[in-house]
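Trainee: My structure file structure09.cif, mmCIF, C-alpha atoms, is below:
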data_work
loop_
_atom_site.label_atom_id
_atom_site.label_comp_id
_atom_site.auth_asym_id
_atom_site.auth_seq_id
_atom_site.Cartn_x
_atom_site.Cartn_y
_atom_site.Cartn_z
CA MET A 1 43.03 36.80 148.48
CA ASN A 2 45.34 34.00 147.46
CA LYS A 3 45.07 35.16 143.88
CA PHE A 4 46.09 38.69 144.97
CA LYS A 5 49.15 37.34 146.85
CA ARG A 6 50.17 35.28 143.86
CA LEU A 7 49.85 38.31 141.56
CA THR A 8 51.92 40.44 143.92
CA PHE A 9 54.61 37.78 144.19
CA PHE A 10 54.71 37.46 140.39
CA LEU A 11 55.11 41.22 139.88
CA LEU A 12 57.93 41.42 142.45
CA PHE A 13 59.67 38.55 140.74
CA ILE A 14 59.48 40.30 137.35
CA LEU A 15 60.88 43.56 138.83
CA ARG A 16 63.81 41.69 140.49
CA CYS A 17 64.68 39.97 137.21
CA PHE A 18 64.58 43.29 135.38
CA PHE A 19 66.78 44.94 138.04
CA PHE A 20 69.47 42.24 138.01
CA SER A 21 69.53 42.04 134.21
CA SER A 22 70.06 45.82 134.04
CA LEU A 23 72.90 45.53 136.52
CA LEU A 24 74.59 42.81 134.52
CA TYR A 25 74.20 44.86 131.28
CA ALA A 26 75.75 47.94 132.89
CA GLN A 27 78.78 45.94 134.07
CA ALA A 28 79.32 44.20 130.75
CA PRO A 29 82.16 45.55 128.61
CA VAL A 30 81.08 47.75 125.69
CA THR A 31 82.40 46.64 122.31
CA GLY A 32 82.48 48.46 118.98
CA ILE A 33 83.43 51.92 120.43
CA THR A 34 87.11 52.81 120.42
CA PRO A 35 88.20 55.58 122.81
CA PRO A 36 90.09 58.43 121.11
CA SER A 37 93.85 57.96 121.04
CA SER A 38 96.36 60.64 122.03
CA THR A 39 97.17 61.20 118.35
CA ASP A 40 93.53 61.87 117.52
CA SER A 41 93.27 64.29 120.45
CA LEU A 42 96.38 66.16 119.27
CA GLN A 43 95.02 66.44 115.73
CA LEU A 44 91.68 67.70 117.07
CA THR A 45 93.48 70.34 119.18
CA LYS A 46 95.48 71.50 116.15
CA ALA A 47 92.32 71.73 114.05
CA VAL A 48 90.57 73.84 116.69
CA THR A 49 93.64 76.11 117.03
CA ALA A 50 93.89 76.54 113.25
CA ALA A 51 90.19 77.42 113.10
CA LYS A 52 90.68 80.07 115.77
CA GLN A 53 93.67 81.52 113.90
CA ARG A 54 91.67 81.78 110.69
CA VAL A 55 89.09 83.89 112.48
CA VAL A 56 91.73 86.55 113.33
CA ILE A 57 91.37 89.56 111.01
CA LEU A 58 93.75 92.16 112.53
CA ASP A 59 96.44 91.07 114.97
CA SER A 60 98.98 93.92 115.29
CA LEU A 61 99.09 97.71 115.54
CA ASN A 62 101.82 100.18 114.54
CA TYR A 63 101.50 103.92 114.98
CA ARG A 64 103.53 107.13 114.81
CA PHE A 65 102.81 110.80 115.39
CA MET A 66 104.88 113.51 113.71
CA GLY A 67 105.20 117.26 113.99
CA ASP A 68 107.03 119.20 111.25
CA GLY A 69 107.39 122.89 110.51
CA ASN A 70 109.52 125.89 109.69
CA PHE A 71 109.58 129.47 110.90
CA THR A 72 111.16 132.69 109.58
CA ARG A 73 111.21 136.21 111.01
CA GLY A 74 112.27 139.56 109.53
CA ASN A 75 111.14 141.02 106.22
CA VAL A 76 109.08 137.86 105.65
CA MET A 77 107.07 136.54 108.58
CA ARG A 78 106.47 132.89 107.82
CA SER A 79 105.25 130.09 110.09
CA LEU A 80 104.23 126.58 109.08
CA LEU A 81 103.12 123.61 111.20
CA ILE A 82 102.27 120.14 109.86
CA LEU A 83 100.82 117.45 112.13
CA ARG A 84 100.85 113.93 110.71
CA SER A 85 100.17 110.41 111.92
CA GLU A 86 100.67 106.90 110.58
CA ILE A 87 98.39 104.14 111.86
CA ASN A 88 98.68 100.56 110.57
CA LEU A 89 96.38 97.70 111.57
CA LEU A 90 97.89 94.49 110.22
CA GLY A 91 96.41 91.03 109.77
CA PRO A 92 97.07 87.80 107.86
CA VAL A 93 94.60 88.75 105.10
CA ILE A 94 93.60 92.41 105.50
CA SER A 95 95.74 95.43 106.41
CA VAL A 96 94.27 98.86 107.14
CA THR A 97 96.39 102.03 106.94
CA THR A 98 95.55 105.68 107.46
CA ASN A 99 97.77 108.79 107.29
CA PRO A 100 95.75 111.84 108.41
CA ARG A 101 97.42 115.24 108.14
CA PHE A 102 96.66 118.81 109.22
CA THR A 103 98.62 121.80 107.88
CA TYR A 104 98.47 125.33 109.25
CA GLY A 105 100.59 128.22 107.98
CA LYS A 106 100.74 132.01 107.94
CA GLN A 107 102.54 134.43 105.61
CA ASN A 108 102.99 137.96 106.98
CA ARG A 109 100.23 137.27 109.52
CA ILE A 110 97.75 136.15 106.82
CA ILE A 111 96.55 132.54 106.86
CA ALA A 112 97.99 130.70 103.86
CA GLU A 113 97.49 127.03 104.78
CA ARG A 114 94.65 125.52 106.73
CA ASP A 115 94.48 122.17 105.03
CA THR A 116 93.10 118.82 106.16
CA TYR A 117 93.79 115.45 104.57
CA VAL A 118 92.46 112.02 105.62
CA ASP A 119 93.02 108.77 103.73
CA LEU A 120 92.21 105.09 104.17
CA PHE A 121 93.96 102.16 102.46
CA VAL A 122 92.67 98.59 102.75
CA ASP A 123 95.17 96.03 101.43
CA VAL A 124 94.32 92.38 100.77
CA TYR A 125 97.12 89.80 101.08
CA LYS A 126 99.72 92.55 101.21
CA GLU A 127 102.50 90.12 102.20
CA LYS A 128 102.24 88.40 98.82
CA LYS A 129 104.26 89.49 95.77
CA VAL A 130 101.12 90.89 94.12
CA TYR A 131 98.19 92.16 96.20
CA GLY A 132 94.97 94.12 95.85
CA PHE A 133 93.83 97.26 97.63
CA GLY A 134 91.10 99.88 97.91
CA LEU A 135 91.54 103.52 98.87
CA ALA A 136 89.52 106.60 99.77
CA THR A 137 90.54 110.17 100.69
CA LEU A 138 88.93 113.40 101.86
CA GLU A 139 90.76 116.71 101.53
CA THR A 140 90.21 120.42 102.11
CA SER A 141 92.77 123.09 101.16
CA ASN A 142 92.83 126.80 101.87
CA LEU A 143 96.14 127.01 99.97
CA ARG A 144 94.57 125.79 96.72
CA GLY A 145 91.03 127.09 97.27
CA ILE A 146 89.43 123.64 97.58
CA ASN A 147 86.30 123.30 99.71
CA LEU A 148 86.26 119.50 99.48
CA ARG A 149 87.97 116.87 97.38
CA GLN A 150 86.68 113.28 97.49
CA LEU A 151 88.49 110.35 95.96
CA ALA A 152 87.86 106.58 95.91
CA GLY A 153 89.25 103.70 93.89
CA ALA A 154 90.88 100.27 93.77
CA GLY A 155 93.92 98.66 92.20
CA VAL A 156 96.82 96.24 92.48
CA GLY A 157 100.29 96.51 93.96
CA ILE A 158 103.56 94.66 93.45
CA HIS A 159 106.57 94.36 95.74
CA ILE A 160 109.48 95.19 93.47
CA TYR A 161 112.03 94.58 96.22
CA LYS A 162 111.58 93.46 99.79
CA SER A 163 114.16 92.78 102.52
CA PRO A 164 114.41 93.51 106.27
CA ASN A 165 116.11 96.86 105.55
CA ASN A 166 114.69 97.89 102.18
CA THR A 167 111.27 97.81 100.54
CA LEU A 168 110.13 99.18 97.20
CA THR A 169 106.49 98.94 96.10
CA LEU A 170 104.70 99.97 92.90
CA THR A 171 100.90 100.33 92.77
CA ASN A 172 98.40 101.25 90.09
CA ALA A 173 94.74 102.12 90.62
CA LEU A 174 91.66 103.48 88.90
CA ILE A 175 90.18 106.32 90.97
CA PHE A 176 87.08 108.50 90.83
CA GLU A 177 87.57 112.09 91.95
CA SER A 178 85.32 115.03 92.74
CA THR A 179 86.80 118.46 93.55
CA ASP A 180 84.63 121.33 94.80
CA PHE A 181 86.57 124.56 94.20
CA ARG A 182 85.70 127.87 95.89
CA GLU A 183 85.46 129.92 92.69
CA ARG A 184 85.45 127.61 89.66
CA SER A 185 82.92 124.86 88.96
CA THR A 186 83.14 121.42 90.54
CA LEU A 187 85.44 119.06 88.65
CA ILE A 188 84.48 115.37 88.41
CA THR A 189 86.88 113.03 86.65
CA GLN A 190 88.44 109.56 86.59
CA ARG A 191 92.17 109.17 87.00
CA ASN A 192 94.84 106.54 86.75
CA SER A 193 97.00 106.65 89.89
CA THR A 194 100.53 105.26 89.90
CA ARG A 195 102.46 105.26 93.18
CA LEU A 196 106.08 104.40 93.93
CA LYS A 197 106.87 103.95 97.63
CA GLY A 198 110.13 103.01 99.32
CA LYS A 199 111.56 102.57 102.82
CA HIS A 200 115.29 102.16 103.46
CA HIS A 201 117.19 101.60 106.71
CA LEU A 202 120.83 102.58 106.28
CA LEU A 203 124.01 102.14 108.36
CA GLY A 204 122.46 99.67 110.76
CA ASP A 205 119.23 101.67 111.13
CA LYS A 206 121.10 104.86 112.03
CA ILE A 207 119.44 106.59 109.09
CA ARG A 208 115.92 106.00 107.76
CA PHE A 209 115.05 107.19 104.29
CA THR A 210 111.48 107.08 102.94
CA HIS A 211 109.98 108.36 99.71
CA ILE A 212 106.55 108.26 98.10
CA THR A 213 105.47 109.62 94.69
CA PHE A 214 102.01 109.79 93.14
CA VAL A 215 101.37 110.52 89.44
CA GLN A 216 97.67 110.90 88.59
CA PRO A 217 96.63 111.88 85.03
CA ALA A 218 92.94 112.20 84.14
CA LEU A 219 91.77 109.45 81.78
CA SER A 220 89.71 111.87 79.66
CA ASN A 221 92.46 114.47 79.36
CA PHE A 222 96.10 113.66 80.12
CA SER A 223 96.93 117.36 80.45
CA ASN A 224 94.81 117.33 83.62
CA LEU A 225 97.60 116.03 85.81
CA ARG A 226 98.37 115.86 89.51
CA TRP A 227 101.51 114.61 91.24
CA ASN A 228 102.94 114.64 94.72
CA THR A 229 106.37 113.67 96.05
CA LEU A 230 107.36 113.40 99.72
CA ILE A 231 110.95 112.55 100.70
CA THR A 232 111.88 112.14 104.37
CA MET A 233 115.14 111.44 106.19
CA GLU A 234 115.06 110.41 109.84
CA LEU A 235 117.75 109.99 112.50
CA PRO A 236 116.48 107.66 115.25
CA LEU A 237 117.34 108.73 118.79
CA ASN A 238 115.95 105.50 120.23
CA LYS A 239 113.33 102.89 119.36
CA TRP A 240 110.44 105.34 119.73
CA VAL A 241 111.77 108.83 118.91
CA SER A 242 113.51 110.25 115.84
CA ILE A 243 114.29 113.67 114.40
CA ARG A 244 113.39 114.22 110.76
CA SER A 245 113.52 116.49 107.74
CA SER A 246 111.10 116.37 104.78
CA TYR A 247 110.90 117.77 101.28
CA GLU A 248 107.49 117.87 99.56
CA ASN A 249 106.58 118.90 96.02
CA THR A 250 102.99 119.12 94.76
CA TYR A 251 101.68 119.94 91.29
CA GLU A 252 98.14 120.36 89.94
CA SER A 253 97.44 121.50 86.39
CA VAL A 254 93.83 122.56 87.13
CA VAL A 255 93.76 125.30 89.78
CA GLU A 256 91.85 128.47 90.50
CA ALA A 257 92.90 131.64 88.64
CA THR A 258 94.64 133.16 91.67
CA ARG A 259 96.64 130.02 92.56
CA LYS A 260 99.95 128.65 91.34
CA ARG A 261 100.19 125.10 90.04
CA ASN A 262 103.33 124.06 91.92
CA ASP A 263 104.23 124.15 95.64
CA SER A 264 107.44 123.03 97.38
CA ARG A 265 108.45 123.11 101.02
CA ILE A 266 111.14 121.85 103.37
CA THR A 267 110.29 121.13 106.99
CA PHE A 268 112.03 119.84 110.11
CA GLY A 269 110.46 118.00 113.02
CA ILE A 270 110.18 114.99 115.31
CA ALA A 271 108.44 111.62 115.16
CA VAL A 272 107.21 109.58 118.15
CA GLY A 273 105.76 106.09 118.06
CA LYS A 274 106.20 102.50 116.96
CA PRO A 275 107.23 102.32 113.28
CA GLN A 276 106.17 99.52 110.98
#
Can the structure in the file be given as structure tokens, please?
Mentor:
Amino acid sequence: MNKFKRLTFFLLFILRCFFFSSLLYAQAPVTGITPPSSTDSLQLTKAVTAAKQRVVILDSLNYRFMGDGNFTRGNVMRSLLILRSEINLLGPVISVTTNPRFTYGKQNRIIAERDTYVDLFVDVYKEKKVYGFGLATLETSNLRGINLRQLAGAGVGIHIYKSPNNTLTLTNALIFESTDFRERSTLITQRNSTRLKGKHHLLGDKIRFTHITFVQPALSNFSNLRWNTLITMELPLNKWVSIRSSYENTYESVVEATRKRNDSRITFGIAVGKPQ
């Protein structure tokens, strides 16, 4: 019995010593660990913010919707309606642009145009002097007898001139094209595509002038040539709305037997949206 009491007393003594030594260790100052300073915290916050900013791919959106057309009555019954849009998704590295278009026209009550066009441009580092891009388009045309035209390619662009009121850009790309005609055989070819594009804000943004020209010869046969020019003048009514007039000229050397190679038209209309 006495041995049991002594053993119990000894165990209690050991536990008390362990308890008090733990208490003293917890209250002792810790050395060798320096708390972060305010400067280190600020640098850490900046690093985290920069990391979050690098993750951003697309950070702004610009868009516009346009309706153009012309109408005549009398000996020639002519009606033409063109619906266009411009959508730009912009980011620090990648920019995505699309300009879908639908054209519907009648000549003496017979459908002449029922054309659809959809494109997609992906630009990489477009804010730099020289940048890269990829493009793809799908097109159908009742006017030219095209069931489906598919086009895809890539190239480089250069900003020839850039200021808040004026921009001028030149691009060059290698493209692969397939055109399924209604009557003649499908044409598959590779083209070089050169594009000149400009935007100009004149008289304190009272007049906006834009122009875009494509020249696309086939690499295997330079006589197989396509070009397109679109010139537009706009008069802004306010930040969101403007009235406009456009001139468009299109040429294709390879067409169906019943079609002409060249088309020109002048249209008038209105644009609504947030311009780039």
Trainee: Please, what distance in Å, to one decimal, runs between CA of Leu80 in chain A and CA of Glu248 in chain A?
Mentor: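 Between these atoms lies a distance of 13.3 Å.
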Trainee: With a distance cut-off of 10 Å and only C-alpha atoms, select the neighbouring residues of range 96-109 of chain A, excluding the residue or stretch itself and same-chain residues fewer than 3 positions from it, and output the selection as a ChimeraX atom specification.
Mentor: /A:58,61-91,112-124,133-143
Trainee: Identify which of the residues A:His211, A:Arg265, A:Arg226, A:Lys162 lies closest to Ser253 in chain A, counting all atoms listed in the file when measuring atom-to-atom distances.
Mentor: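 With all atoms listed in the file as the atom set, the closest residue is A:Arg226.
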Trainee: List the spatial neighbours of range 179-188 of chain A as number ranges by chain - criterion: any atom at most 6 Å away, all atoms listed in the file, same-chain residues fewer than 2 positions off excluded.
Mentor: A: 145-149, 177
Trainee: Could you work out how far CA of Gly153 in chain A lies from CA of Thr194 in chain A, giving the answer in Å with one decimal?
Mentor: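 Atom-to-atom, CA of Thr194 in chain A and CA of Gly153 in chain A are spaced 12.1 Å apart.
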